[in-house]
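Asks: My structure is in input19.cif, and what it holds is mmCIF, C-alpha atoms:
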data_final
#
loop_
_atom_site.label_atom_id
_atom_site.label_comp_id
_atom_site.auth_asym_id
_atom_site.auth_seq_id
_atom_site.Cartn_x
_atom_site.Cartn_y
_atom_site.Cartn_z
CA MET A 1 42.14 151.03 -148.87
CA MET A 2 42.90 149.39 -145.52
CA ALA A 3 41.77 152.52 -143.71
CA VAL A 4 38.48 152.52 -145.63
CA ARG A 5 37.97 148.84 -144.85
CA ALA A 6 38.67 149.44 -141.18
CA ARG A 7 36.14 152.30 -141.15
CA ARG A 8 33.54 150.38 -143.16
CA PRO A 9 30.91 150.24 -140.36
CA GLN A 10 31.21 153.99 -139.71
CA ILE A 11 31.09 154.83 -143.43
CA GLY A 12 28.03 152.61 -143.88
CA LEU A 13 26.28 154.29 -140.96
CA SER A 14 27.19 157.73 -142.38
CA VAL A 15 25.59 156.87 -145.72
CA VAL A 16 22.40 155.75 -143.98
CA LEU A 17 22.24 158.82 -141.74
CA ALA A 18 22.86 161.09 -144.74
CA VAL A 19 19.38 160.38 -146.14
CA TYR A 20 17.86 161.65 -142.90
CA TRP A 21 19.94 164.82 -143.09
CA VAL A 22 18.52 165.68 -146.54
CA PRO A 23 15.09 167.03 -145.45
CA VAL A 24 16.78 168.97 -142.64
CA LEU A 25 19.17 170.63 -145.11
CA VAL A 26 16.41 171.37 -147.62
CA GLY A 27 14.36 172.94 -144.81
CA LEU A 28 17.40 174.92 -143.70
CA ARG A 29 17.81 176.22 -147.24
CA TRP A 30 14.15 177.23 -147.41
CA GLY A 31 14.38 178.92 -144.01
CA LEU A 32 17.42 180.93 -145.03
CA TRP A 33 15.67 181.98 -148.22
CA ALA A 34 12.52 182.94 -146.34
CA GLY A 35 14.27 185.30 -143.97
CA GLY A 36 16.87 183.39 -142.07
CA ASP A 37 15.71 183.97 -138.51
CA PRO A 38 15.72 180.89 -136.22
CA ILE A 39 11.92 180.63 -136.05
CA GLU A 40 11.66 180.81 -139.84
CA ILE A 41 14.32 178.12 -140.21
CA ALA A 42 12.67 175.87 -137.62
CA GLN A 43 9.26 176.26 -139.27
CA SER A 44 10.76 175.52 -142.69
CA ILE A 45 12.48 172.38 -141.45
CA GLY A 46 9.23 171.29 -139.76
CA ALA A 47 7.28 171.95 -142.95
CA ILE A 48 9.64 170.04 -145.23
CA VAL A 49 9.89 167.10 -142.84
CA GLN A 50 6.10 167.00 -142.55
CA GLN A 51 5.62 167.22 -146.29
CA ASP A 52 8.44 165.14 -147.72
CA PHE A 53 9.36 162.60 -145.07
CA LEU A 54 7.01 159.93 -146.37
CA GLU A 55 8.56 160.28 -149.81
CA LEU A 56 12.12 160.30 -148.51
CA PRO A 57 13.17 157.16 -150.44
CA ILE A 58 12.01 158.87 -153.65
CA THR A 59 13.66 162.22 -153.04
CA THR A 60 16.89 160.48 -152.07
CA LEU A 61 16.70 157.74 -154.69
CA VAL A 62 20.30 158.33 -155.77
CA LEU A 63 21.48 157.41 -152.27
CA ALA A 64 19.31 154.29 -152.01
CA PRO A 65 21.84 151.89 -153.63
CA PHE A 66 24.49 153.04 -151.17
CA VAL A 67 22.12 152.51 -148.26
CA LEU A 68 21.34 149.04 -149.60
CA ALA A 69 25.05 148.23 -149.87
CA ALA A 70 25.68 149.52 -146.35
CA ALA A 71 22.81 147.44 -144.96
CA VAL A 72 23.96 144.27 -146.74
CA ALA A 73 27.53 144.79 -145.53
CA ALA A 74 26.26 145.34 -141.98
CA ILE A 75 24.17 142.16 -142.08
CA LEU A 76 27.12 140.13 -143.36
CA ALA A 77 29.39 141.57 -140.67
CA LEU A 78 26.89 140.89 -137.90
CA ARG A 79 26.59 137.26 -139.01
CA GLN A 80 30.30 136.69 -138.45
CA HIS A 81 31.18 135.14 -135.15
CA ALA A 82 34.73 136.48 -135.01
CA PRO A 83 35.34 138.99 -132.19
CA ARG A 84 35.02 142.60 -133.36
CA PRO A 85 35.45 146.00 -131.74
CA ARG A 86 32.36 147.16 -129.88
CA GLU A 87 32.24 150.37 -131.95
CA ALA A 88 31.97 148.44 -135.21
CA PHE A 89 29.24 146.25 -133.77
CA VAL A 90 27.22 149.29 -132.62
CA ALA A 91 27.72 151.06 -135.97
CA ASP A 92 26.47 148.04 -137.90
CA GLY A 93 23.48 147.74 -135.57
CA LEU A 94 22.59 151.41 -136.06
CA THR A 95 23.06 151.02 -139.82
CA LEU A 96 20.39 148.33 -139.82
CA LEU A 97 18.19 150.22 -137.36
CA PHE A 98 18.00 153.29 -139.61
CA GLY A 99 18.68 151.68 -142.99
CA LEU A 100 16.14 148.85 -142.98
CA PRO A 101 13.03 151.02 -142.36
CA TYR A 102 14.19 153.32 -145.16
CA LEU A 103 14.72 150.41 -147.54
CA LEU A 104 11.46 148.71 -146.63
CA TRP A 105 9.53 151.94 -147.03
CA GLY A 106 11.22 152.51 -150.39
CA LEU A 107 10.28 148.99 -151.45
CA TYR A 108 6.68 149.61 -150.41
CA LEU A 109 6.56 152.86 -152.41
CA ALA A 110 8.07 151.15 -155.45
CA VAL A 111 5.45 148.38 -155.30
CA ALA A 112 2.67 150.92 -154.76
CA TYR A 113 3.76 152.93 -157.80
CA LEU A 114 4.10 149.80 -159.93
CA VAL A 115 0.61 148.63 -158.93
CA PHE A 116 -0.81 152.08 -159.60
CA PHE A 117 0.67 152.31 -163.07
CA ALA A 118 -0.28 148.71 -163.86
CA GLN A 119 -3.86 149.36 -162.77
CA CYS A 120 -4.13 152.77 -164.35
CA SER A 121 -2.85 152.10 -167.84
CA PRO A 122 -4.32 154.68 -170.22
CA PHE A 123 -4.89 151.91 -172.75
CA ARG A 124 -7.10 149.85 -170.46
CA PRO A 125 -10.80 150.68 -170.58
CA GLY A 126 -12.24 151.50 -167.18
CA SER A 127 -8.88 152.36 -165.67
CA CYS A 128 -8.44 155.29 -163.31
CA PHE A 129 -7.32 157.65 -166.07
CA ILE A 130 -9.91 160.21 -167.03
CA TYR A 131 -10.44 160.60 -170.75
CA MET B 1 30.81 159.73 -133.42
CA LEU B 2 32.17 162.97 -134.87
CA PHE B 3 33.38 161.08 -137.91
CA VAL B 4 29.93 159.59 -138.57
CA GLY B 5 28.13 162.88 -137.95
CA GLY B 6 30.49 164.87 -140.14
CA LEU B 7 30.59 162.38 -142.99
CA SER B 8 26.81 161.87 -143.07
CA PHE B 9 26.29 165.64 -143.06
CA ALA B 10 28.82 166.08 -145.86
CA ILE B 11 27.16 163.38 -147.99
CA ALA B 12 23.73 164.95 -147.51
CA LEU B 13 25.05 168.44 -148.22
CA ALA B 14 26.72 167.25 -151.42
CA PHE B 15 23.52 165.49 -152.45
CA VAL B 16 21.36 168.61 -151.87
CA LEU B 17 23.83 170.88 -153.69
CA VAL B 18 24.15 168.53 -156.66
CA SER B 19 20.36 168.12 -156.79
CA ALA B 20 20.00 171.89 -156.90
CA LEU B 21 22.09 172.00 -160.08
CA GLY B 22 19.83 169.59 -161.94
CA PRO B 23 16.60 170.53 -163.71
CA THR B 24 14.54 168.17 -161.55
CA GLY B 25 14.72 166.68 -158.11
CA SER B 26 12.70 167.94 -155.22
CA ALA B 27 15.64 167.87 -152.83
CA GLY B 28 17.18 170.77 -154.64
CA LYS B 29 14.08 172.66 -155.64
CA GLU B 30 14.05 176.38 -155.25
CA PRO B 31 12.38 177.42 -152.02
CA PHE B 32 9.54 179.50 -153.41
CA ALA B 33 6.99 177.08 -151.99
CA ASN B 34 6.92 178.59 -148.56
CA LEU B 35 4.69 176.01 -146.97
CA HIS B 36 4.21 177.52 -143.56
CA GLY B 37 2.04 180.32 -144.82
CA GLY B 38 4.61 183.03 -145.22
CA LEU B 39 5.44 184.91 -148.37
CA PRO B 40 8.93 185.25 -149.81
CA ARG B 41 11.12 187.80 -148.08
CA GLY B 42 10.06 191.40 -148.52
CA LEU B 43 6.44 190.63 -149.42
CA GLU B 44 3.63 190.99 -146.89
CA PRO B 45 0.34 189.13 -146.77
CA TYR B 46 -2.47 191.58 -147.44
CA SER B 47 -3.61 193.04 -144.12
CA HIS B 48 -7.34 193.15 -144.81
CA GLN B 49 -8.12 189.76 -146.29
CA LEU B 50 -11.31 187.78 -145.97
CA GLN B 51 -9.66 184.49 -146.68
CA GLY B 52 -6.33 183.44 -148.01
CA THR B 53 -4.30 180.40 -148.92
CA ARG B 54 -1.12 179.29 -147.22
CA GLY B 55 0.72 179.72 -150.49
CA GLY B 56 2.25 177.02 -152.60
CA ALA B 57 4.12 176.12 -155.73
CA LEU B 58 2.92 175.25 -159.20
CA GLY B 59 6.27 173.69 -159.83
CA ASN B 60 9.97 174.06 -159.37
CA GLY B 61 10.95 177.69 -158.78
CA THR B 62 7.43 179.04 -158.46
CA PHE B 63 5.39 180.48 -155.62
CA GLU B 64 1.85 181.81 -155.51
CA TRP B 65 -0.23 183.13 -152.64
CA ASN B 66 -3.91 183.98 -153.04
CA ALA B 67 -6.40 185.90 -150.93
CA GLU B 68 -9.71 187.68 -151.17
CA THR B 69 -10.52 191.12 -149.81
CA PRO B 70 -13.43 193.55 -149.89
CA ASP B 71 -10.98 196.35 -150.75
CA PRO B 72 -10.74 197.61 -154.33
CA ALA B 73 -7.73 196.79 -156.50
CA ALA B 74 -6.25 200.26 -156.11
CA THR B 75 -6.10 199.86 -152.30
CA VAL B 76 -4.49 196.44 -152.60
CA LEU B 77 -1.85 197.65 -155.04
CA ALA B 78 -1.17 200.76 -152.96
CA PHE B 79 -0.60 198.49 -149.94
CA TYR B 80 1.97 196.41 -151.82
CA ASP B 81 3.57 199.47 -153.34
CA GLN B 82 4.11 200.83 -149.82
CA THR B 83 5.06 197.62 -148.01
CA ILE B 84 7.25 195.78 -150.52
CA ASP B 85 10.89 195.72 -149.46
CA ARG B 86 12.61 197.60 -152.25
CA ALA B 87 16.03 196.45 -151.05
CA ILE B 88 15.01 192.97 -152.17
CA TRP B 89 12.51 193.66 -154.95
CA ASP B 90 12.87 196.14 -157.78
CA VAL B 91 9.36 197.37 -158.58
CA SER B 92 9.15 197.84 -162.33
CA ALA B 93 5.52 198.90 -162.62
CA VAL B 94 2.36 199.51 -160.64
CA GLY B 95 -0.74 199.66 -162.76
CA ARG B 96 -4.50 199.66 -162.45
CA GLN B 97 -4.90 195.94 -161.77
CA SER B 98 -1.41 194.57 -161.27
CA MET B 99 2.13 195.37 -160.30
CA SER B 100 5.38 193.77 -161.42
CA PHE B 101 8.72 193.42 -159.70
CA THR B 102 12.11 191.75 -160.07
CA TYR B 103 14.18 189.96 -157.43
CA ARG B 104 17.29 192.11 -157.08
CA PRO B 105 19.78 189.30 -156.27
CA ASN B 106 18.63 187.42 -159.40
CA PRO B 107 16.78 189.45 -162.09
CA SER B 108 15.68 186.19 -163.67
CA VAL B 109 13.22 185.86 -160.81
CA ARG B 110 10.12 187.90 -161.61
CA GLY B 111 7.09 188.48 -159.48
CA GLY B 112 3.90 190.40 -159.33
CA VAL B 113 0.61 191.14 -157.63
CA ARG B 114 -2.47 190.59 -159.73
CA THR B 115 -5.96 191.64 -158.73
CA VAL B 116 -9.24 190.49 -160.20
CA ASP B 117 -12.54 192.20 -159.45
CA ILE B 118 -14.98 189.40 -158.56
CA GLY B 119 -18.02 191.47 -157.72
CA ARG B 120 -18.19 192.44 -154.07
CA SER B 121 -14.58 191.53 -153.43
CA THR B 122 -11.18 191.46 -155.05
CA PHE B 123 -9.12 188.36 -155.67
CA ILE B 124 -5.39 188.80 -154.99
CA ALA B 125 -2.59 186.69 -156.40
CA VAL B 126 0.96 187.36 -155.27
CA TRP B 127 3.40 185.30 -157.30
CA VAL B 128 7.12 184.78 -157.77
CA THR B 129 8.66 182.65 -160.52
CA ASP B 130 12.18 181.97 -161.65
CA LEU B 131 11.72 182.47 -165.40
CA HIS B 132 15.31 181.48 -166.28
CA LEU B 133 15.72 184.67 -168.26
CA PRO B 134 18.94 185.29 -170.17
CA PRO B 135 21.32 188.05 -169.07
CA GLY B 136 20.30 191.41 -170.44
CA PHE B 137 16.64 190.54 -170.77
CA PRO B 138 14.68 193.80 -170.36
CA ALA B 139 13.67 194.30 -166.74
CA ALA B 140 10.54 196.15 -167.81
CA PHE B 141 9.02 193.07 -169.43
CA PRO B 142 6.84 191.33 -166.82
CA GLY B 143 6.31 187.64 -166.29
CA GLY B 144 3.01 186.11 -167.31
CA PRO B 145 0.33 184.82 -164.95
CA ARG B 146 1.18 181.29 -163.82
CA ALA B 147 3.85 181.01 -166.50
CA ARG B 148 6.68 178.57 -165.94
CA PRO B 149 9.79 178.45 -168.13
CA LEU B 150 10.18 175.61 -170.60
CA GLY B 151 13.74 174.82 -171.61
CA GLN B 152 16.38 177.44 -172.08
CA PRO B 153 15.50 180.82 -173.62
CA GLY B 154 16.71 181.45 -177.12
CA SER B 155 18.29 184.64 -178.35
CA ASP B 156 19.52 185.83 -181.71
CA ALA B 157 20.48 189.10 -183.34
CA ASP B 158 16.86 190.24 -183.37
CA GLY B 159 15.65 189.33 -179.93
CA TYR B 160 14.79 186.77 -177.29
CA VAL B 161 12.47 183.80 -177.52
CA LEU B 162 10.98 182.31 -174.37
CA ARG B 163 8.70 179.33 -174.00
CA TRP B 164 6.36 179.19 -171.05
CA ASP B 165 4.22 176.40 -169.67
CA ILE B 166 0.91 178.20 -169.02
CA ASP B 167 -1.07 175.13 -168.01
CA GLY B 168 -1.76 176.64 -164.59
CA ASN B 169 -4.26 178.95 -166.27
CA LEU B 170 -7.80 177.99 -167.20
CA ASP B 171 -6.85 177.97 -170.88
CA SER B 172 -4.61 179.86 -173.27
CA ALA B 173 -7.29 182.49 -174.04
CA ARG B 174 -7.55 183.36 -170.34
CA PHE B 175 -3.76 183.56 -170.09
CA VAL B 176 -3.59 185.92 -173.06
CA GLU B 177 -6.37 188.12 -171.65
CA ASP B 178 -4.71 188.30 -168.23
CA PHE B 179 -1.24 188.83 -169.64
CA ALA B 180 -2.55 191.66 -171.82
CA GLU B 181 -3.71 193.41 -168.63
CA VAL B 182 -0.39 192.79 -166.92
CA LEU B 183 1.49 194.16 -169.93
CA ASN B 184 -0.76 197.19 -170.12
CA ASP B 185 -0.15 197.90 -166.44
CA ALA B 186 3.59 197.41 -166.91
CA GLY B 187 3.85 200.06 -169.58
CA TRP B 188 3.22 198.09 -172.77
CA ASP B 189 0.57 198.88 -175.36
CA VAL B 190 -1.19 195.75 -176.57
CA PHE B 191 -2.03 196.60 -180.16
CA ALA B 192 -3.21 193.17 -181.32
CA LEU B 193 -5.16 190.72 -179.18
CA THR B 194 -6.70 187.41 -180.22
CA THR B 195 -8.56 185.44 -177.56
CA THR B 196 -10.62 183.18 -179.79
CA GLY B 197 -9.62 180.27 -181.98
CA PRO B 198 -7.10 177.55 -181.26
CA THR B 199 -4.07 179.83 -180.91
CA PRO B 200 -4.83 182.99 -178.92
CA GLY B 201 -2.06 185.56 -178.87
CA LEU B 202 -1.11 189.20 -178.66
CA MET B 203 1.36 191.78 -179.86
CA CYS B 204 2.66 194.62 -177.74
CA ARG B 205 4.92 197.64 -177.83
CA SER B 206 6.78 199.35 -175.02
CA ARG B 207 5.47 202.84 -174.28
CA SER B 208 8.84 204.06 -173.06
CA THR B 209 10.82 202.41 -175.89
CA PRO B 210 8.46 202.13 -178.86
CA GLY B 211 10.95 200.11 -180.89
CA LEU B 212 10.74 197.30 -178.33
CA THR B 213 7.94 194.94 -179.32
CA CYS B 214 6.65 191.58 -178.21
CA THR B 215 4.71 188.79 -179.84
CA VAL B 216 2.98 186.18 -177.71
CA THR B 217 1.53 183.10 -179.37
CA THR B 218 -0.04 180.14 -177.63
CA SER B 219 -0.68 176.58 -178.61
CA TYR B 220 -1.57 173.23 -177.14
CA GLU B 221 1.38 170.87 -177.29
CA LEU B 222 1.10 167.13 -176.97
CA ASP B 223 3.65 165.59 -174.66
CA ARG B 224 4.76 162.54 -176.63
CA THR B 225 7.37 161.57 -174.07
CA ASN B 226 4.76 161.16 -171.37
CA SER B 227 1.94 159.42 -173.20
CA ARG B 228 1.50 156.68 -170.59
CA GLY B 229 2.14 158.59 -167.44
CA ALA B 230 -0.31 161.43 -167.27
CA VAL B 231 -3.30 161.28 -164.97
CA TYR B 232 -4.86 164.31 -166.61
CA SER B 233 -7.53 164.44 -169.27
CA ALA B 234 -4.99 164.67 -172.08
CA ASN B 235 -1.27 164.28 -172.51
CA GLY B 236 -0.27 167.82 -173.25
CA LYS B 237 -0.14 171.38 -172.04
CA PHE B 238 -0.81 174.94 -173.05
CA VAL B 239 2.40 176.63 -174.12
CA ALA B 240 3.11 180.29 -174.78
CA THR B 241 5.93 181.39 -177.04
CA VAL B 242 7.08 184.89 -176.20
CA ARG B 243 9.23 186.74 -178.69
CA LEU B 244 10.77 190.01 -177.60
CA ASP B 245 12.58 192.28 -180.03
CA ARG B 246 15.67 193.44 -178.19
CA VAL B 247 17.40 195.47 -180.90
CA ALA B 248 15.71 198.71 -180.04
CA GLY B 249 15.70 197.87 -176.37
CA ARG B 250 19.45 198.05 -175.87
#
Could you take the file, read its structure, and then write that structure out as structure tokens?

Replies:
Amino acid sequence: MMAVRARRPQIGLSVVLAVYWVPVLVGLRWGLWAGGDPIEIAQSIGAIVQQDFLELPITTLVLAPFVLAAAVAAILALRQHAPRPREAFVADGLTLLFGLPYLLWGLYLAVAYLVFFAQCSPFRPGSCFIY
Amino acid sequence: MLFVGGLSFAIALAFVLVSALGPTGSAGKEPFANLHGGLPRGLEPYSHQLQGTRGGALGNGTFEWNAETPDPAATVLAFYDQTIDRAIWDVSAVGRQSMSFTYRPNPSVRGGVRTVDIGRSTFIAVWVTDLHLPPGFPAAFPGGPRARPLGQPGSDADGYVLRWDIDGNLDSARFVEDFAEVLNDAGWDVFALTTTGPTPGLMCRSRSTPGLTCTVTTSYELDRTNSRGAVYSANGKFVATVRLDRVAGR
């Protein structure tokens, strides 16, 4: 438990970076399936990043709570004035650097979807559903 | 640094692998949607095409690539018969308008080339779909045009029952017409065909194993679980129920 607590900044940063690994791994999987040569793999990774990156918070929704927890823990740690190792400080900073855009983008997508479904109710006349 | 890199990679890898086990989740979807314009391994784009798509997926575990060519269907099918990598694909039939094949590493994955004469040119559809077929399902029975599996296949002492989402077709009558051609090309005699009315369907019999018969019925099913979410004209889909008698086939 103590070891986990001591590594908390690094674990938090790992969770945040994991969401960015996901499209790379999915692209790698596609590339291997499509032939497995380096060009094929690179094109597959490029294609999946191009196609799915904007929806990353949706495809990695399961990881979002962990990213949120890591970001909150990093914010709380950065607000403390007690001296800390430089490594932990950098890890918390990187956690926020990569985690906050992901969370904000996820929040934006959630609001956009909510607005869309609120506006496009099939039971509202004149909504965007075609009947 | 190594700790962070390794742990983040491990988390992502676990996430992708777990997602692949589930029925949904785009992170783990089967890679049939080959978005950069290539076809699945062992399948070539037709060499003499007027125009073609980059290929795409109708859903999880599906791939389709379309093109148009001035060549007749026979030339197109001969091209695929000659160029398909038989180490990867097991060609089960080459007919007058279509050919059918099975993915050797996983016989549940079926594919085919379908041609449609559209006047001065021929429309080509090369497709691959994971039909989630049960073990022992006859390899000679082809997949249907733009058919996606629904749920798990059923099997009993008499045969197999599959349910396919055929909403990618214009309507169920068109699906039945097209599937009848595919079956005919794959060595099945279609001895009953209904393409009018609310529930088009067909019945077929294997030419090589006459005791092996199929019954395909179609219907329009309302999706009651998704009544508020659909953006389409109605909350439902065309569904085909395929029954295959397996007793004589074994």

Asks: Can you list, as a ChimeraX atom specification, every protein, DNA or RNA residue that comes within 7 Å of segment 109-125 of chain B when you count all atoms listed in the file, leaving out same-chain residues fewer than 3 positions away?

Replies: /B:64-73,97-103,106,128-131,143

Asks: Considering all atoms listed in the file, state which residue in the set A:Ala47, A:Met2, A:Ala118, A:Arg7 is at the smallest distance from Pro85 of chain A.

Replies: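 Closest to Pro85 of chain A, using all atoms listed in the file: A:Arg7.
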
Asks: What's around Pro105 of chain B at 10 Å? Count only C-alpha atoms, leave out sequence neighbours fewer than 3 positions away in its own chain, and write the answer as JSON, numbers by chain.

Replies: {"B": [87, 88, 89, 90, 102, 108, 109]}

Asks: Here is a test: counting only C-alpha atoms, which residue of A:Leu54, A:Ala6, A:Leu114, A:Cys120 is nearest to chain B?

Replies: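 The closest residue to chain B is A:Cys120.
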
Asks: Please write as a list in words the full residue list that the PyMOL selection byres ((chain A and resi 100) around 12) yields on this file.

Replies: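 Taken over the shown coordinates, the PyMOL selection byres ((chain A and resi 100) around 12) returns Leu13, Val16, Leu17, Pro57, Ala64, Val67, Leu68, Ala69, Ala70, Ala71, Val72, Ala74, Ile75, Asp92, Gly93, Leu94, Thr95, Leu96, Leu97, Phe98, Gly99, Pro101, Tyr102, Leu103, Leu104, Trp105, Gly106 and Leu107 of chain A.
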
Asks: Just write the chosen residues, C-alpha atoms, as a PDB file, in the frame of the given file.

Replies:
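See result.pdb below for the written result:
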ATOM      1  CA  LEU A  13      26.280 154.290-140.960  1.00  0.00           C
ATOM      2  CA  VAL A  16      22.400 155.750-143.980  1.00  0.00           C
ATOM      3  CA  LEU A  17      22.240 158.820-141.740  1.00  0.00           C
ATOM      4  CA  PRO A  57      13.170 157.160-150.440  1.00  0.00           C
ATOM      5  CA  ALA A  64      19.310 154.290-152.010  1.00  0.00           C
ATOM      6  CA  VAL A  67      22.120 152.510-148.260  1.00  0.00           C
ATOM      7  CA  LEU A  68      21.340 149.040-149.600  1.00  0.00           C
ATOM      8  CA  ALA A  69      25.050 148.230-149.870  1.00  0.00           C
ATOM      9  CA  ALA A  70      25.680 149.520-146.350  1.00  0.00           C
ATOM     10  CA  ALA A  71      22.810 147.440-144.960  1.00  0.00           C
ATOM     11  CA  VAL A  72      23.960 144.270-146.740  1.00  0.00           C
ATOM     12  CA  ALA A  74      26.260 145.340-141.980  1.00  0.00           C
ATOM     13  CA  ILE A  75      24.170 142.160-142.080  1.00  0.00           C
ATOM     14  CA  ASP A  92      26.470 148.040-137.900  1.00  0.00           C
ATOM     15  CA  GLY A  93      23.480 147.740-135.570  1.00  0.00           C
ATOM     16  CA  LEU A  94      22.590 151.410-136.060  1.00  0.00           C
ATOM     17  CA  THR A  95      23.060 151.020-139.820  1.00  0.00           C
ATOM     18  CA  LEU A  96      20.390 148.330-139.820  1.00  0.00           C
ATOM     19  CA  LEU A  97      18.190 150.220-137.360  1.00  0.00           C
ATOM     20  CA  PHE A  98      18.000 153.290-139.610  1.00  0.00           C
ATOM     21  CA  GLY A  99      18.680 151.680-142.990  1.00  0.00           C
ATOM     22  CA  PRO A 101      13.030 151.020-142.360  1.00  0.00           C
ATOM     23  CA  TYR A 102      14.190 153.320-145.160  1.00  0.00           C
ATOM     24  CA  LEU A 103      14.720 150.410-147.540  1.00  0.00           C
ATOM     25  CA  LEU A 104      11.460 148.710-146.630  1.00  0.00           C
ATOM     26  CA  TRP A 105       9.530 151.940-147.030  1.00  0.00           C
ATOM     27  CA  GLY A 106      11.220 152.510-150.390  1.00  0.00           C
ATOM     28  CA  LEU A 107      10.280 148.990-151.450  1.00  0.00           C
TER      29      LEU A 107
END

Asks: Just checking: using all atoms listed in the file, which residue out of A:Thr59, A:Val24, A:Pro38, A:His81 ends up closest to chain B?

Replies: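 Under the stated criterion, the closest residue is A:Thr59.
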
Asks: Using the chain letters and numbers from the file, give me the residues hit by the PyMOL selection byres ((chain B and resi 12) around 8), as a list in words.

Replies: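 Applied to this file, the PyMOL selection byres ((chain B and resi 12) around 8) returns Ala18, Val19, Trp21, Val22 and Leu25 of chain A; Ser8, Phe9, Ala10, Ile11, Leu13, Ala14, Phe15 and Val16 of chain B.
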
Asks: Export C-alpha atoms of the chosen residues as a PDB file, in the coordinates of the input?

Replies:
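The resulting file, out19.pdb, is shown below:
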ATOM      1  CA  ALA A  18      22.860 161.090-144.740  1.00  0.00           C
ATOM      2  CA  VAL A  19      19.380 160.380-146.140  1.00  0.00           C
ATOM      3  CA  TRP A  21      19.940 164.820-143.090  1.00  0.00           C
ATOM      4  CA  VAL A  22      18.520 165.680-146.540  1.00  0.00           C
ATOM      5  CA  LEU A  25      19.170 170.630-145.110  1.00  0.00           C
TER       6      LEU A  25
ATOM      7  CA  SER B   8      26.810 161.870-143.070  1.00  0.00           C
ATOM      8  CA  PHE B   9      26.290 165.640-143.060  1.00  0.00           C
ATOM      9  CA  ALA B  10      28.820 166.080-145.860  1.00  0.00           C
ATOM     10  CA  ILE B  11      27.160 163.380-147.990  1.00  0.00           C
ATOM     11  CA  LEU B  13      25.050 168.440-148.220  1.00  0.00           C
ATOM     12  CA  ALA B  14      26.720 167.250-151.420  1.00  0.00           C
ATOM     13  CA  PHE B  15      23.520 165.490-152.450  1.00  0.00           C
ATOM     14  CA  VAL B  16      21.360 168.610-151.870  1.00  0.00           C
TER      15      VAL B  16
END

Asks: Using the chain letters and numbering of this document, enumerate as a ChimeraX atom specification the residues selected by the PyMOL selection byres ((chain B and resi 215-220) around 6).

Replies: /B:199-203,214,221,237-243
